[in-house]
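Undergrad: Sharing work_37.pdb (PDB, C-alpha atoms) below.
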```
MODEL        1
ATOM      1  CA  MET A   1      23.009 188.237 161.021
ATOM      2  CA  LYS A   2      23.942 184.568 160.597
ATOM      3  CA  LEU A   3      22.519 183.828 164.034
ATOM      4  CA  LEU A   4      19.200 185.451 163.126
ATOM      5  CA  LEU A   5      18.992 183.463 159.887
ATOM      6  CA  THR A   6      19.828 180.240 161.732
ATOM      7  CA  LEU A   7      17.135 180.904 164.340
ATOM      8  CA  CYS A   8      14.539 181.607 161.625
ATOM      9  CA  LEU A   9      15.356 178.388 159.798
ATOM     10  CA  ALA A  10      15.327 176.380 163.012
ATOM     11  CA  SER A  11      11.902 177.737 163.961
ATOM     12  CA  LEU A  12      10.523 176.664 160.576
ATOM     13  CA  LEU A  13      11.788 173.128 161.123
ATOM     14  CA  THR A  14      10.033 172.846 164.475
ATOM     15  CA  LEU A  15       6.561 173.591 163.072
ATOM     16  CA  PRO A  16       4.257 170.555 163.073
ATOM     17  CA  VAL A  17       4.057 168.878 159.733
ATOM     18  CA  GLN A  18       0.615 167.696 158.640
ATOM     19  CA  ALA A  19       0.098 165.499 155.649
ATOM     20  CA  ALA A  20      -2.435 166.912 153.219
ATOM     21  CA  ARG A  21      -5.415 164.673 152.581
ATOM     22  CA  ARG A  22      -5.752 163.396 149.078
ATOM     23  CA  ILE A  23      -8.674 164.418 146.877
ATOM     24  CA  GLY A  24     -10.970 161.496 146.146
ATOM     25  CA  GLU A  25     -12.555 160.557 142.836
ATOM     26  CA  ALA A  26     -16.219 161.380 142.281
ATOM     27  CA  GLU A  27     -18.410 159.620 139.730
ATOM     28  CA  VAL A  28     -20.825 161.317 137.347
ATOM     29  CA  ARG A  29     -23.728 159.335 135.897
ATOM     30  CA  THR A  30     -26.673 160.015 133.639
ATOM     31  CA  GLY A  31     -29.679 160.489 135.887
ATOM     32  CA  LYS A  32     -33.324 161.360 135.524
ATOM     33  CA  ASN A  33     -34.212 163.538 132.491
ATOM     34  CA  ASN A  34     -30.675 162.942 131.116
ATOM     35  CA  LEU A  35     -29.181 165.264 133.732
ATOM     36  CA  PRO A  36     -26.049 164.336 135.672
ATOM     37  CA  CYS A  37     -26.077 162.865 139.144
ATOM     38  CA  PHE A  38     -23.103 162.570 141.460
ATOM     39  CA  THR A  39     -21.598 160.100 143.919
ATOM     40  CA  ILE A  40     -18.211 158.767 144.999
ATOM     41  CA  ALA A  41     -16.328 156.291 142.816
ATOM     42  CA  GLU A  42     -16.769 152.626 143.734
ATOM     43  CA  ARG A  43     -13.058 152.194 144.474
ATOM     44  CA  GLU A  44     -13.235 155.162 146.899
ATOM     45  CA  GLU A  45     -15.982 153.430 148.846
ATOM     46  CA  GLN A  46     -14.003 150.175 148.853
ATOM     47  CA  ARG A  47     -10.882 151.989 150.025
ATOM     48  CA  SER A  48     -12.323 154.324 152.686
ATOM     49  CA  GLY A  49     -15.986 153.433 153.220
ATOM     50  CA  SER A  50     -18.970 155.757 152.766
ATOM     51  CA  PRO A  51     -18.127 159.326 153.839
ATOM     52  CA  ASP A  52     -20.657 161.647 155.488
ATOM     53  CA  PHE A  53     -22.074 164.081 152.910
ATOM     54  CA  GLN A  54     -21.582 167.821 153.471
ATOM     55  CA  ALA A  55     -22.098 169.636 150.128
ATOM     56  CA  VAL A  56     -22.037 169.345 146.344
ATOM     57  CA  THR A  57     -21.004 172.124 143.944
ATOM     58  CA  VAL A  58     -21.045 172.157 140.131
ATOM     59  CA  MET A  59     -18.853 174.741 138.394
ATOM     60  CA  SER A  60     -17.963 175.870 134.899
ATOM     61  CA  ALA A  61     -14.526 177.479 134.987
ATOM     62  CA  GLU A  62     -14.763 179.585 138.173
ATOM     63  CA  ARG A  63     -18.537 180.142 138.061
ATOM     64  CA  THR A  64     -20.783 178.167 140.444
ATOM     65  CA  LEU A  65     -23.803 176.764 138.592
ATOM     66  CA  TRP A  66     -25.380 174.874 141.485
ATOM     67  CA  ARG A  67     -24.635 174.149 145.132
ATOM     68  CA  MET A  68     -26.462 172.178 147.796
ATOM     69  CA  ALA A  69     -25.260 171.787 151.386
ATOM     70  CA  MET A  70     -26.324 169.987 154.534
ATOM     71  CA  PRO A  71     -26.971 171.913 157.734
ATOM     72  CA  ARG A  72     -24.288 171.354 160.381
ATOM     73  CA  GLU A  73     -26.528 169.145 162.509
ATOM     74  CA  ARG A  74     -27.495 166.775 159.662
ATOM     75  CA  THR A  75     -25.699 164.456 157.257
ATOM     76  CA  PHE A  76     -26.026 161.078 155.564
ATOM     77  CA  PRO A  77     -23.546 158.462 154.358
ATOM     78  CA  LEU A  78     -22.682 158.983 150.693
ATOM     79  CA  ALA A  79     -22.554 155.501 149.162
ATOM     80  CA  PHE A  80     -21.576 154.511 145.622
ATOM     81  CA  SER A  81     -25.047 153.011 145.147
ATOM     82  CA  MET A  82     -26.766 156.385 145.509
ATOM     83  CA  CYS A  83     -26.629 159.424 143.250
ATOM     84  CA  ILE A  84     -27.330 163.107 144.021
ATOM     85  CA  PRO A  85     -29.185 164.610 141.035
ATOM     86  CA  TYR A  86     -28.091 167.923 139.531
ATOM     87  CA  GLY A  87     -30.494 170.611 140.684
ATOM     88  CA  GLY A  88     -32.181 168.162 143.064
ATOM     89  CA  ARG A  89     -34.712 169.998 145.161
ATOM     90  CA  VAL A  90     -34.728 169.039 148.812
ATOM     91  CA  GLN A  91     -36.807 171.711 150.552
ATOM     92  CA  ALA A  92     -34.948 171.513 153.861
ATOM     93  CA  LEU A  93     -31.463 171.954 152.361
ATOM     94  CA  PRO A  94     -29.764 175.262 151.550
ATOM     95  CA  GLN A  95     -29.059 175.434 147.828
ATOM     96  CA  THR A  96     -28.784 177.705 144.846
ATOM     97  CA  PRO A  97     -31.042 177.373 141.808
ATOM     98  CA  ALA A  98     -29.483 175.132 139.157
ATOM     99  CA  ALA A  99     -28.341 176.908 135.990
ATOM    100  CA  PRO A 100     -28.963 175.093 132.688
ATOM    101  CA  LEU A 101     -26.114 172.890 131.441
ATOM    102  CA  ALA A 102     -24.969 173.413 127.858
ATOM    103  CA  SER A 103     -23.536 170.794 125.528
ATOM    104  CA  GLY A 104     -19.857 171.010 124.649
ATOM    105  CA  VAL A 105     -18.839 172.650 127.970
ATOM    106  CA  VAL A 106     -16.558 171.049 130.562
ATOM    107  CA  TYR A 107     -17.932 171.150 134.118
ATOM    108  CA  THR A 108     -16.395 170.241 137.466
ATOM    109  CA  VAL A 109     -18.262 168.682 140.363
ATOM    110  CA  GLN A 110     -16.874 168.869 143.885
ATOM    111  CA  MET A 111     -18.399 166.957 146.763
ATOM    112  CA  GLU A 112     -17.374 167.868 150.284
ATOM    113  CA  THR A 113     -17.647 165.384 153.114
ATOM    114  CA  ARG A 114     -17.143 165.395 156.857
ATOM    115  CA  SER A 115     -14.597 163.481 158.841
ATOM    116  CA  GLY A 116     -16.286 160.224 159.649
ATOM    117  CA  LYS A 117     -15.133 156.894 160.983
ATOM    118  CA  ASN A 118     -12.077 156.850 158.721
ATOM    119  CA  ALA A 119      -9.791 159.768 159.586
ATOM    120  CA  ALA A 120      -7.678 159.143 156.462
ATOM    121  CA  ALA A 121     -10.636 159.376 154.044
ATOM    122  CA  PRO A 122     -10.708 162.340 151.658
ATOM    123  CA  LEU A 123     -12.769 165.379 152.629
ATOM    124  CA  ARG A 124     -13.289 166.306 148.976
ATOM    125  CA  TYR A 125     -14.127 164.304 145.843
ATOM    126  CA  THR A 126     -13.979 165.783 142.336
ATOM    127  CA  ALA A 127     -14.692 164.861 138.731
ATOM    128  CA  ARG A 128     -15.060 166.582 135.367
ATOM    129  CA  PHE A 129     -17.909 165.938 132.964
ATOM    130  CA  CYS A 130     -19.751 167.337 129.967
ATOM    131  CA  MET A 131     -23.004 167.056 128.088
ATOM    132  CA  PRO A 132     -21.857 165.866 124.610
ATOM    133  CA  ARG A 133     -23.490 167.434 121.571
ATOM    134  CA  ARG A 134     -24.352 163.960 120.236
ATOM    135  CA  PRO A 135     -24.585 161.621 123.211
ATOM    136  CA  ALA A 136     -23.262 158.095 122.777
ATOM    137  CA  GLY A 137     -25.399 155.105 123.665
ATOM    138  CA  LYS A 138     -24.310 155.342 127.316
ATOM    139  CA  GLY A 139     -26.363 158.449 128.059
ATOM    140  CA  ALA A 140     -26.380 162.201 127.844
ATOM    141  CA  VAL A 141     -23.579 162.757 130.372
ATOM    142  CA  ARG A 142     -19.894 161.977 129.793
ATOM    143  CA  GLN A 143     -17.413 161.778 132.652
ATOM    144  CA  ILE A 144     -13.924 162.940 131.702
ATOM    145  CA  ALA A 145     -11.146 160.733 133.069
ATOM    146  CA  ALA A 146      -8.518 162.449 135.220
ATOM    147  CA  ASN A 147      -5.703 161.490 132.824
ATOM    148  CA  GLU A 148      -7.637 162.151 129.604
ATOM    149  CA  ARG A 149      -6.144 164.554 127.059
ATOM    150  CA  GLN A 150      -8.263 167.381 125.714
ATOM    151  CA  GLY A 151      -7.809 166.713 121.999
ATOM    152  CA  ARG A 152      -9.624 168.420 119.120
ATOM    153  CA  ASP A 153     -13.035 167.295 120.288
ATOM    154  CA  LEU A 154     -12.664 168.706 123.843
ATOM    155  CA  TYR A 155     -12.566 165.324 125.622
ATOM    156  CA  GLY A 156     -15.323 163.986 123.357
ATOM    157  CA  CYS A 157     -17.696 166.762 124.419
ATOM    158  CA  LEU A 158     -17.934 168.283 120.938
ATOM    159  CA  ASN A 159     -18.964 165.032 119.231
TER     160      ASN A 159
ENDMDL
END
```
Please go through the file and, once you have read it, give me the structure as structure tokens.
TA:
Amino acid sequence: MKLLLTLCLASLLTLPVQAARRIGEAEVRTGKNNLPCFTIAEREEQRSGSPDFQAVTVMSAERTLWRMAMPRERTFPLAFSMCIPYGGRVQALPQTPAAPLASGVVYTVQMETRSGKNAAAPLRYTARFCMPRRPAGKGAVRQIAANERQGRDLYGCLN
């Protein structure tokens, strides 16, 4: 019995170990018609360059509100200077219709990218955001920092 247990443990130790890629930081901005638009954070671009875009998904809890994806044979570099608008309609791209965004709700955006020139670059970038009830002077969209505490006002989304 001890021999069997030893062999099982030894076989587990011989499996190749792969480091998991980190998840990069996305940026959410106020775009046209006060709707959000999405890109990678500036420091991500400085650190790893512009990744090749694959897909963008916006979710509320576990429900997908909008998704747009590139066909396998096409892509483009996703630079900090550009922004993909929520519900953007590009006829040639597979996508779902965009559901309306409500104020006071926390949303998550996830952007998927392809392995490009930098093999260590993230394959996924995420951020949380909301549409505040009373937008501040910066616009109608509020990005929620990764380390921000929820608080009574739901990250400032209920203001």
Undergrad: Please list as JSON, numbers by chain every residue within 12 Å of Arg152 (chain A), counting only C-alpha atoms and excluding residues in the same chain fewer than 6 positions away.
TA: {"A": [104, 158, 159]}
Undergrad: If we count all atoms listed in the file, what is near region 74-90 of chain A at a cut-off of 9 Å, once residues fewer than 2 positions away on the same chain are taken out, given as an MDAnalysis selection string?
TA: chainID A and resid 27:29 31:32 35:45 49:54 56 58 66:68 70:72 92:99 113:114
Undergrad: Do you know which residues are at most 10 Å from Ala120 (chain A) counting only C-alpha atoms, after dropping those on the same chain fewer than 3 positions away, and could you put them as a PDB file with C-alpha atoms, in the frame of the given file?
TA:
```pdb
ATOM      1  CA  ALA A  20      -2.435 166.912 153.219  1.00  0.00           C
ATOM      2  CA  ARG A  21      -5.415 164.673 152.581  1.00  0.00           C
ATOM      3  CA  ARG A  22      -5.752 163.396 149.078  1.00  0.00           C
ATOM      4  CA  SER A  48     -12.323 154.324 152.686  1.00  0.00           C
ATOM      5  CA  SER A 115     -14.597 163.481 158.841  1.00  0.00           C
ATOM      6  CA  GLY A 116     -16.286 160.224 159.649  1.00  0.00           C
ATOM      7  CA  LYS A 117     -15.133 156.894 160.983  1.00  0.00           C
ATOM      8  CA  LEU A 123     -12.769 165.379 152.629  1.00  0.00           C
TER       9      LEU A 123
END
```
Undergrad: From the options A:Thr108, A:Gln150, A:Ala26, A:Asn33, which residue's atoms come nearest to Met59 (chain A), counting all atoms listed in the file?
TA: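 With all atoms listed in the file as the atom set, the closest residue is A:Thr108.
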Undergrad: Would you compute the distance between CA of Ala121 (chain A) and CA of Val109 (chain A)? Give it in Å to one decimal.
TA: 18.2 Å
Undergrad: Given the PyMOL selection byres ((chain A and resi 102) around 12) and the file above, list the residues it selects as a list in words.
TA: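 For this structure, the PyMOL selection byres ((chain A and resi 102) around 12) resolves to Leu35, Ser60, Leu65, Ala99, Pro100, Leu101, Ser103, Gly104, Val105, Val106, Tyr107, Phe129, Cys130, Met131, Pro132, Arg133, Ala140, Val141, Cys157 and Leu158 of chain A.
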Undergrad: Any idea what the distance is between CA of Gly156 (chain A) and CA of Met111 (chain A)?
TA: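 We find that CA of Gly156 (chain A) and CA of Met111 (chain A) lie 23.8 Å from each other.
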Undergrad: Give as a ChimeraX atom specification every residue, naming chains and numbers as the document does, that has an atom within 12 Å of (-8.2, 161.0, 132.2), counting all atoms listed in the file.
TA: /A:25,127-129,142-151,155-156
Undergrad: With all atoms listed in the file as the basis for distance, which of A:Gln110, A:Glu73, A:Thr126, A:Ala55 is at the shortest distance from Gly24 (chain A)?
TA: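 The answer is A:Thr126, which sits nearest to Gly24 (chain A).
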